[in-house]
file model-v8.cif (mmCIF, C-alpha atoms and all ligand atoms)
data_query
#
loop_
_atom_site.label_atom_id
_atom_site.label_comp_id
_atom_site.auth_asym_id
_atom_site.auth_seq_id
_atom_site.Cartn_x
_atom_site.Cartn_y
_atom_site.Cartn_z
CA MET S 1 0.00 0.00 0.00
CA ARG S 2 1.36 3.46 -0.96
CA VAL S 3 -0.32 6.36 0.78
CA SER S 4 -0.26 10.06 -0.21
CA TYR S 5 -1.73 13.01 1.61
CA PHE S 6 -3.08 16.08 -0.20
CA HIS S 7 -3.87 19.09 1.97
CA THR S 8 -6.81 20.28 -0.12
CA PRO S 9 -8.92 19.03 -3.03
CA GLU S 10 -7.04 21.50 -5.24
CA ARG S 11 -3.79 19.56 -4.60
CA VAL S 12 -5.21 16.25 -5.85
CA PRO S 13 -3.47 15.31 -9.14
CA HIS S 14 -5.48 15.53 -12.34
CA GLY S 15 -5.67 12.77 -14.91
CA SER S 16 -5.43 9.77 -12.57
CA MET S 17 -7.20 8.37 -9.51
CA ALA S 18 -6.03 6.25 -6.58
CA ASP S 19 -7.54 2.84 -5.88
CA ALA S 20 -8.90 4.22 -2.61
CA ALA S 21 -9.50 7.77 -1.38
CA VAL S 22 -10.13 8.93 2.18
CA VAL S 23 -11.61 12.39 2.69
CA ILE S 24 -10.96 14.19 5.96
CA ASP S 25 -12.66 17.27 7.39
CA VAL S 26 -12.16 17.01 11.14
CA LEU S 27 -13.80 20.39 11.87
CA ARG S 28 -16.42 19.24 11.26
CA ALA S 29 -18.00 17.61 8.20
CA THR S 30 -16.47 14.13 8.40
CA SER S 31 -16.84 14.03 12.19
CA THR S 32 -20.53 14.84 11.73
CA MET S 33 -20.94 12.25 8.96
CA ALA S 34 -19.41 9.57 11.20
CA TRP S 35 -21.76 10.45 14.06
CA ALA S 36 -24.82 10.64 11.80
CA LEU S 37 -24.17 7.19 10.33
CA HIS S 38 -23.29 5.76 13.74
CA ASN S 39 -26.64 7.09 14.98
CA GLY S 40 -28.54 5.29 12.24
CA ALA S 41 -28.97 7.79 9.42
CA GLU S 42 -29.88 5.83 6.28
CA ALA S 43 -27.22 7.75 4.34
CA VAL S 44 -25.47 11.08 4.03
CA GLN S 45 -25.70 12.50 0.53
CA ALA S 46 -23.07 15.17 -0.05
CA PHE S 47 -23.40 18.16 -2.36
CA ALA S 48 -20.88 20.83 -3.24
CA ASP S 49 -23.73 22.80 -4.85
CA LEU S 50 -26.73 24.08 -2.89
CA ASP S 51 -29.17 24.11 -5.83
CA ALA S 52 -28.43 20.45 -6.55
CA LEU S 53 -28.97 19.69 -2.86
CA SER S 54 -32.35 21.44 -2.82
CA ALA S 55 -33.53 19.61 -5.95
CA ALA S 56 -32.49 16.17 -4.62
CA ALA S 57 -33.96 16.84 -1.17
CA ALA S 58 -37.25 18.02 -2.68
CA ALA S 59 -37.56 14.73 -4.58
CA TRP S 60 -37.05 12.63 -1.41
CA PRO S 61 -39.95 11.62 0.91
CA GLN S 62 -40.06 14.65 3.19
CA GLU S 63 -40.58 12.69 6.43
CA LEU S 64 -37.25 10.91 5.73
CA CYS S 65 -35.31 13.96 4.63
CA ILE S 66 -32.96 16.23 6.60
CA ARG S 67 -31.24 19.24 5.03
CA ALA S 68 -27.88 20.11 6.58
CA GLY S 69 -26.13 23.21 5.32
CA GLU S 70 -23.12 25.15 6.58
CA ARG S 71 -21.09 28.05 5.23
CA GLY S 72 -18.36 29.84 7.15
CA GLY S 73 -19.00 27.61 10.18
CA ALA S 74 -22.62 28.75 10.55
CA LYS S 75 -25.90 26.97 9.78
CA LEU S 76 -27.54 28.11 6.57
CA GLU S 77 -30.93 29.76 6.88
CA GLY S 78 -33.83 27.48 6.02
CA PHE S 79 -31.86 24.27 6.69
CA ASP S 80 -32.77 21.76 9.41
CA LEU S 81 -29.19 21.43 10.64
CA GLY S 82 -25.82 23.10 10.39
CA ASN S 83 -22.73 20.95 10.76
CA SER S 84 -22.47 19.97 14.42
CA PRO S 85 -21.75 16.31 15.26
CA LEU S 86 -23.84 16.79 18.40
CA ALA S 87 -26.98 17.66 16.47
CA VAL S 88 -27.17 14.38 14.54
CA THR S 89 -28.70 12.44 17.43
CA ALA S 90 -30.27 9.02 16.88
CA GLU S 91 -33.62 10.52 17.76
CA PHE S 92 -33.31 13.05 14.94
CA VAL S 93 -31.53 11.14 12.16
CA ALA S 94 -32.32 7.41 12.49
CA GLY S 95 -33.67 6.03 9.22
CA LYS S 96 -33.39 9.38 7.46
CA ARG S 97 -31.22 10.65 4.64
CA ILE S 98 -29.14 13.74 5.35
CA PHE S 99 -28.66 16.01 2.33
CA MET S 100 -25.51 17.87 3.28
CA SER S 101 -23.42 20.72 1.97
CA THR S 102 -20.52 22.32 3.84
CA THR S 103 -17.92 24.95 2.97
CA ASN S 104 -15.04 22.60 2.22
CA GLY S 105 -15.72 18.97 3.16
CA THR S 106 -18.31 18.24 0.51
CA ARG S 107 -16.06 19.83 -2.17
CA SER S 108 -13.28 17.37 -1.29
CA LEU S 109 -15.69 14.46 -1.63
CA ASP S 110 -16.73 15.74 -5.03
CA ARG S 111 -13.10 15.85 -6.18
CA VAL S 112 -12.43 12.14 -5.54
CA SER S 113 -15.94 10.77 -6.08
CA THR S 114 -14.74 8.55 -8.95
CA ALA S 115 -12.36 6.51 -6.76
CA ALA S 116 -13.26 2.81 -6.72
CA MET S 117 -13.28 2.94 -2.91
CA LEU S 118 -14.11 6.19 -1.15
CA PHE S 119 -14.21 6.58 2.63
CA THR S 120 -14.49 9.50 4.99
CA ALA S 121 -12.43 9.68 8.16
CA ALA S 122 -11.98 11.93 11.16
CA LEU S 123 -10.19 11.54 14.47
CA VAL S 124 -13.32 9.86 15.85
CA ASN S 125 -13.03 6.85 13.51
CA ARG S 126 -9.46 6.85 12.21
CA SER S 127 -8.59 3.36 13.51
CA ALA S 128 -11.77 1.85 12.03
CA VAL S 129 -10.92 3.35 8.62
CA ALA S 130 -7.28 2.23 8.91
CA LYS S 131 -8.45 -1.30 9.69
CA ARG S 132 -10.73 -1.32 6.64
CA LEU S 133 -7.92 -0.08 4.41
CA CYS S 134 -5.64 -2.84 5.68
CA GLN S 135 -8.37 -5.43 5.01
CA GLN S 136 -8.98 -4.15 1.46
CA ASN S 137 -5.28 -3.49 0.85
CA PRO S 138 -5.58 -1.10 -2.13
CA GLU S 139 -2.32 -0.44 -3.95
CA THR S 140 -2.67 3.35 -3.87
CA VAL S 141 -4.47 5.46 -1.27
CA TRP S 142 -5.01 9.20 -1.44
CA ILE S 143 -5.91 10.91 1.81
CA VAL S 144 -7.50 14.25 0.96
CA GLY S 145 -7.81 17.06 3.47
CA SER S 146 -10.50 19.68 3.03
CA GLY S 147 -8.55 22.71 4.23
CA TRP S 148 -10.28 26.06 4.17
CA GLU S 149 -11.24 27.55 0.81
CA GLY S 150 -8.16 26.15 -0.90
CA ASP S 151 -5.72 26.69 1.98
CA TYR S 152 -3.95 24.23 4.26
CA SER S 153 -5.63 23.25 7.53
CA LEU S 154 -3.82 22.03 10.64
CA GLU S 155 -6.64 19.81 11.87
CA ASP S 156 -7.00 17.79 8.65
CA SER S 157 -3.26 17.27 8.48
CA LEU S 158 -3.28 16.13 12.10
CA ALA S 159 -5.98 13.56 11.34
CA ALA S 160 -4.14 12.36 8.22
CA GLY S 161 -1.17 11.70 10.53
CA ALA S 162 -3.42 9.94 13.04
CA LEU S 163 -4.73 7.70 10.26
CA ALA S 164 -1.17 7.02 9.06
CA ASP S 165 -0.20 6.12 12.63
CA ALA S 166 -3.08 3.63 12.90
CA LEU S 167 -2.08 2.13 9.53
CA LEU S 168 1.44 1.71 10.88
CA GLN S 169 0.19 -0.02 14.00
CA ILE S 170 -2.29 -2.31 12.23
CA GLY S 171 -0.19 -3.01 9.16
CA ALA S 172 3.11 -3.35 11.08
CA THR S 173 5.06 -1.71 8.29
CA SER S 174 7.23 1.41 8.22
CA LEU S 175 6.42 4.96 7.22
CA LYS S 176 9.26 4.85 4.72
CA LYS S 177 7.60 1.90 2.98
CA PHE S 178 4.10 3.33 2.64
CA ALA S 179 4.48 7.14 2.59
CA ALA S 180 4.23 8.17 -1.07
CA ASN S 181 4.76 11.90 -0.48
CA ASP S 182 6.37 14.23 2.04
CA GLU S 183 3.00 15.63 3.12
CA LEU S 184 2.08 12.23 4.57
CA SER S 185 5.34 11.98 6.53
CA ALA S 186 4.91 15.56 7.79
CA SER S 187 1.34 14.83 8.91
CA HIS S 188 2.64 11.88 10.91
CA ALA S 189 5.12 14.17 12.67
CA LEU S 190 2.23 16.55 13.50
CA TRP S 191 0.30 13.70 15.05
CA SER S 192 3.34 12.81 17.21
CA GLN S 193 3.37 16.41 18.43
CA TRP S 194 -0.30 16.56 19.46
CA LYS S 195 -1.49 12.99 19.99
CA THR S 196 -1.73 13.45 23.74
CA ASN S 197 -3.89 16.58 23.35
CA PRO S 198 -5.51 16.74 19.90
CA GLU S 199 -8.13 19.23 21.11
CA GLN S 200 -5.33 21.75 21.67
CA ALA S 201 -4.40 21.46 17.98
CA LEU S 202 -8.05 21.80 16.90
CA ARG S 203 -8.35 25.01 18.90
CA LEU S 204 -5.05 26.37 17.58
CA ALA S 205 -6.12 25.74 13.96
CA SER S 206 -7.46 28.80 12.12
CA HIS S 207 -10.86 27.16 11.57
CA GLY S 208 -10.90 26.19 15.25
CA GLN S 209 -10.37 29.86 16.07
CA ARG S 210 -13.18 30.76 13.66
CA LEU S 211 -15.52 28.39 15.51
CA GLU S 212 -14.37 29.83 18.86
CA ARG S 213 -15.22 33.32 17.59
CA LEU S 214 -18.69 32.11 16.56
CA GLY S 215 -19.05 30.90 20.17
CA ASP S 216 -20.68 27.92 21.86
CA HIS S 217 -18.57 25.19 20.23
CA ASP S 218 -16.84 23.64 23.28
CA ALA S 219 -18.80 20.40 22.99
CA ASP S 220 -18.05 20.21 19.25
CA PHE S 221 -14.31 20.48 19.95
CA ALA S 222 -14.46 17.73 22.59
CA CYS S 223 -16.50 15.50 20.27
CA CYS S 224 -14.26 16.03 17.21
CA ALA S 225 -11.10 15.44 19.29
CA ALA S 226 -12.33 12.15 20.80
CA VAL S 227 -9.96 9.77 19.01
CA ASP S 228 -11.42 6.37 18.07
CA SER S 229 -14.72 6.98 19.83
CA LEU S 230 -16.57 5.33 16.89
CA VAL S 231 -16.08 2.21 14.78
CA VAL S 232 -18.26 3.31 11.87
CA VAL S 233 -16.68 3.40 8.38
CA PRO S 234 -18.56 5.79 6.06
CA GLN S 235 -18.16 4.60 2.47
CA GLN S 236 -19.52 5.89 -0.81
CA THR S 237 -21.97 3.26 -2.05
CA GLU S 238 -23.35 5.26 -4.98
CA MET S 239 -22.17 8.58 -6.39
CA GLY S 240 -22.21 11.15 -3.57
CA VAL S 241 -24.00 8.83 -1.14
CA LEU S 242 -22.20 7.64 2.00
CA ARG S 243 -23.42 4.76 4.13
CA ALA S 244 -22.17 3.03 7.26
CA THR S 245 -20.23 -0.06 6.23
C1 LIG O 301 -16.30 22.58 6.17
O1 LIG O 301 -16.81 21.80 5.35
O2 LIG O 301 -15.56 23.48 5.85
C2 LIG O 301 -16.51 22.42 7.65
O3 LIG O 301 -17.01 21.22 7.99
C3 LIG O 301 -16.94 23.66 8.33
C4 LIG O 301 -17.61 23.53 9.68
O4 LIG O 301 -18.82 23.40 9.74
O5 LIG O 301 -16.96 23.57 10.72
#
call {"tool": "encode", "arguments": {"input": "model-v8.cif", "output": "structure tokens"}}
result
Amino acid sequence: MRVSYFHTPERVPHGSMADAAVVIDVLRATSTMAWALHNGAEAVQAFADLDALSAAAAAWPQELCIRAGERGGAKLEGFDLGNSPLAVTAEFVAGKRIFMSTTNGTRSLDRVSTAAMLFTAALVNRSAVAKRLCQQNPETVWIVGSGWEGDYSLEDSLAAGALADALLQIGATSLKKFAANDELSASHALWSQWKTNPEQALRLASHGQRLERLGDHDADFACCAAVDSLVVVPQQTEMGVLRAT
């Protein structure tokens, strides 16, 4: 297995595709997706475009439909949910499809949607995703961070390193053998720096500071920093649709 990390969807190479892709948006899209699917949502359907989301949601049975929309960290007006992992409770989401669009996370998913295997990961489920990758053993894996509007993000890089660390532990190989680019090795070093206090890194990150400025996100930070709290593996089962697998 050869694993690369790309900080943003813009950094993903054109003209080829890995055997498996893993999209990360720790704050907070892929943390929220993991919690929604853990809590029994039928699926999360991701949209980069809000008009496409509205059209698909309108065509779905309304009693089974939840619209989740976030821009700039805030819930979009007229949507049922924003992007908090705490809001996707079993009571609210079980059996329902979540039609979701976020500032960056859903754009990353769009970029690698043609990969034969597509997973999402966050700190909350990084070992579960690493285990699945080791079971499937794809030759090439691209981990794709979501960043912020095209720029690097600390928290996604941290989680890429956490995933790499779990792959190392489960696969009993060496970083030198599986790291296919320097970004992956650097992300692993970041994880070594913060693995005893990942929440500190999330709060230091520029998007973490944005959420702090918006206020009332302490529980979101604690939830998104809870490493391996879930065993769910969100996987794309049809274009743009993620299910618990
Ligand atoms: C994103 O997609 O950029 C994020 O998940 C933003 C957030 O809601 O924190």
call {"tool": "residues_around", "arguments": {"input": "model-v8.cif", "residues": "range 157-159 of chain S", "least_positions_apart": "5", "cutoff": "6 Å", "atoms": "only C-alpha atoms", "output": "PDB file with C-alpha atoms, in the coordinates of the input"}}
result
ATOM      1  CA  LEU S 123     -10.190  11.540  14.470  1.00  0.00           C
ATOM      2  CA  SER S 187       1.340  14.830   8.910  1.00  0.00           C
ATOM      3  CA  LEU S 190       2.230  16.550  13.500  1.00  0.00           C
ATOM      4  CA  TRP S 191       0.300  13.700  15.050  1.00  0.00           C
TER       5      TRP S 191
END
call {"tool": "residues_around", "arguments": {"input": "model-v8.cif", "residues": "Ala162 in chain S", "least_positions_apart": "2", "cutoff": "10 Å", "atoms": "only C-alpha atoms", "output": "PDB file with C-alpha atoms, in the coordinates of the input"}}
result
ATOM      1  CA  ALA S 122     -11.980  11.930  11.160  1.00  0.00           C
ATOM      2  CA  LEU S 123     -10.190  11.540  14.470  1.00  0.00           C
ATOM      3  CA  ARG S 126      -9.460   6.850  12.210  1.00  0.00           C
ATOM      4  CA  SER S 127      -8.590   3.360  13.510  1.00  0.00           C
ATOM      5  CA  ALA S 130      -7.280   2.230   8.910  1.00  0.00           C
ATOM      6  CA  ASP S 156      -7.000  17.790   8.650  1.00  0.00           C
ATOM      7  CA  SER S 157      -3.260  17.270   8.480  1.00  0.00           C
ATOM      8  CA  LEU S 158      -3.280  16.130  12.100  1.00  0.00           C
ATOM      9  CA  ALA S 159      -5.980  13.560  11.340  1.00  0.00           C
ATOM     10  CA  ALA S 160      -4.140  12.360   8.220  1.00  0.00           C
ATOM     11  CA  ALA S 164      -1.170   7.020   9.060  1.00  0.00           C
ATOM     12  CA  ASP S 165      -0.200   6.120  12.630  1.00  0.00           C
ATOM     13  CA  ALA S 166      -3.080   3.630  12.900  1.00  0.00           C
ATOM     14  CA  LEU S 167      -2.080   2.130   9.530  1.00  0.00           C
ATOM     15  CA  LEU S 168       1.440   1.710  10.880  1.00  0.00           C
ATOM     16  CA  SER S 187       1.340  14.830   8.910  1.00  0.00           C
ATOM     17  CA  HIS S 188       2.640  11.880  10.910  1.00  0.00           C
ATOM     18  CA  ALA S 189       5.120  14.170  12.670  1.00  0.00           C
ATOM     19  CA  LEU S 190       2.230  16.550  13.500  1.00  0.00           C
ATOM     20  CA  TRP S 191       0.300  13.700  15.050  1.00  0.00           C
ATOM     21  CA  SER S 192       3.340  12.810  17.210  1.00  0.00           C
ATOM     22  CA  TRP S 194      -0.300  16.560  19.460  1.00  0.00           C
ATOM     23  CA  LYS S 195      -1.490  12.990  19.990  1.00  0.00           C
ATOM     24  CA  PRO S 198      -5.510  16.740  19.900  1.00  0.00           C
ATOM     25  CA  VAL S 227      -9.960   9.770  19.010  1.00  0.00           C
TER      26      VAL S 227
END
call {"tool": "atom_distance", "arguments": {"input": "model-v8.cif", "atom1": "CA of Met117 in chain S", "atom2": "CA of Val23 in chain S"}}
result
11.1 Å
call {"tool": "residues_around", "arguments": {"input": "model-v8.cif", "residues": "range 1-7 of chain S", "least_positions_apart": "2", "cutoff": "6 Å", "atoms": "only C-alpha atoms", "output": "PyMOL selection string"}}
result
chain S and resi 11+139-145+152+178-181+183-184
call {"tool": "write_last_selection", "arguments": {"input": "model-v8.cif", "atoms": "C-alpha atoms", "output": "PDB file, in the coordinates of the input"}}
result
ATOM      1  CA  ARG S  11      -3.790  19.560  -4.600  1.00  0.00           C
ATOM      2  CA  GLU S 139      -2.320  -0.440  -3.950  1.00  0.00           C
ATOM      3  CA  THR S 140      -2.670   3.350  -3.870  1.00  0.00           C
ATOM      4  CA  VAL S 141      -4.470   5.460  -1.270  1.00  0.00           C
ATOM      5  CA  TRP S 142      -5.010   9.200  -1.440  1.00  0.00           C
ATOM      6  CA  ILE S 143      -5.910  10.910   1.810  1.00  0.00           C
ATOM      7  CA  VAL S 144      -7.500  14.250   0.960  1.00  0.00           C
ATOM      8  CA  GLY S 145      -7.810  17.060   3.470  1.00  0.00           C
ATOM      9  CA  TYR S 152      -3.950  24.230   4.260  1.00  0.00           C
ATOM     10  CA  PHE S 178       4.100   3.330   2.640  1.00  0.00           C
ATOM     11  CA  ALA S 179       4.480   7.140   2.590  1.00  0.00           C
ATOM     12  CA  ALA S 180       4.230   8.170  -1.070  1.00  0.00           C
ATOM     13  CA  ASN S 181       4.760  11.900  -0.480  1.00  0.00           C
ATOM     14  CA  GLU S 183       3.000  15.630   3.120  1.00  0.00           C
ATOM     15  CA  LEU S 184       2.080  12.230   4.570  1.00  0.00           C
TER      16      LEU S 184
END
call {"tool": "closest_residue", "arguments": {"input": "model-v8.cif", "among": "S:Pro234, S:Gly147, S:Gly171, S:Gly73", "to": "Asn125 in chain S", "atoms": "all atoms listed in the file"}}
result
S:Pro234
call {"tool": "axis_aligned_box", "arguments": {"input": "model-v8.cif", "around": "range 35-52 of chain S", "padding_each_side": "8 Å", "output": "JSON"}}
result
{"center_x": -25.4, "center_y": 14.7, "center_z": 4.2, "size_x": 25.0, "size_y": 34.8, "size_z": 37.5}
call {"tool": "residues_near_ligand", "arguments": {"input": "model-v8.cif", "ligand": "ligand LIG 301 (chain O)", "cutoff": "7 Å", "atoms": "only C-alpha atoms and all ligand atoms", "output": "PyMOL selection string"}}
result
chain S and resi 25+27-29+70-74+83-84+102-106+146+148+211
call {"tool": "residues_around", "arguments": {"input": "model-v8.cif", "residues": "range 57-65 of chain S", "least_positions_apart": "6", "cutoff": "10 Å", "atoms": "only C-alpha atoms", "output": "PDB file with C-alpha atoms, in the frame of the given file"}}
result
ATOM      1  CA  ALA S  41     -28.970   7.790   9.420  1.00  0.00           C
ATOM      2  CA  GLU S  42     -29.880   5.830   6.280  1.00  0.00           C
ATOM      3  CA  GLN S  45     -25.700  12.500   0.530  1.00  0.00           C
ATOM      4  CA  ASP S  51     -29.170  24.110  -5.830  1.00  0.00           C
ATOM      5  CA  ASP S  80     -32.770  21.760   9.410  1.00  0.00           C
ATOM      6  CA  VAL S  93     -31.530  11.140  12.160  1.00  0.00           C
ATOM      7  CA  ALA S  94     -32.320   7.410  12.490  1.00  0.00           C
ATOM      8  CA  GLY S  95     -33.670   6.030   9.220  1.00  0.00           C
ATOM      9  CA  LYS S  96     -33.390   9.380   7.460  1.00  0.00           C
ATOM     10  CA  ARG S  97     -31.220  10.650   4.640  1.00  0.00           C
ATOM     11  CA  ILE S  98     -29.140  13.740   5.350  1.00  0.00           C
ATOM     12  CA  PHE S  99     -28.660  16.010   2.330  1.00  0.00           C
ATOM     13  CA  MET S 100     -25.510  17.870   3.280  1.00  0.00           C
TER      14      MET S 100
END
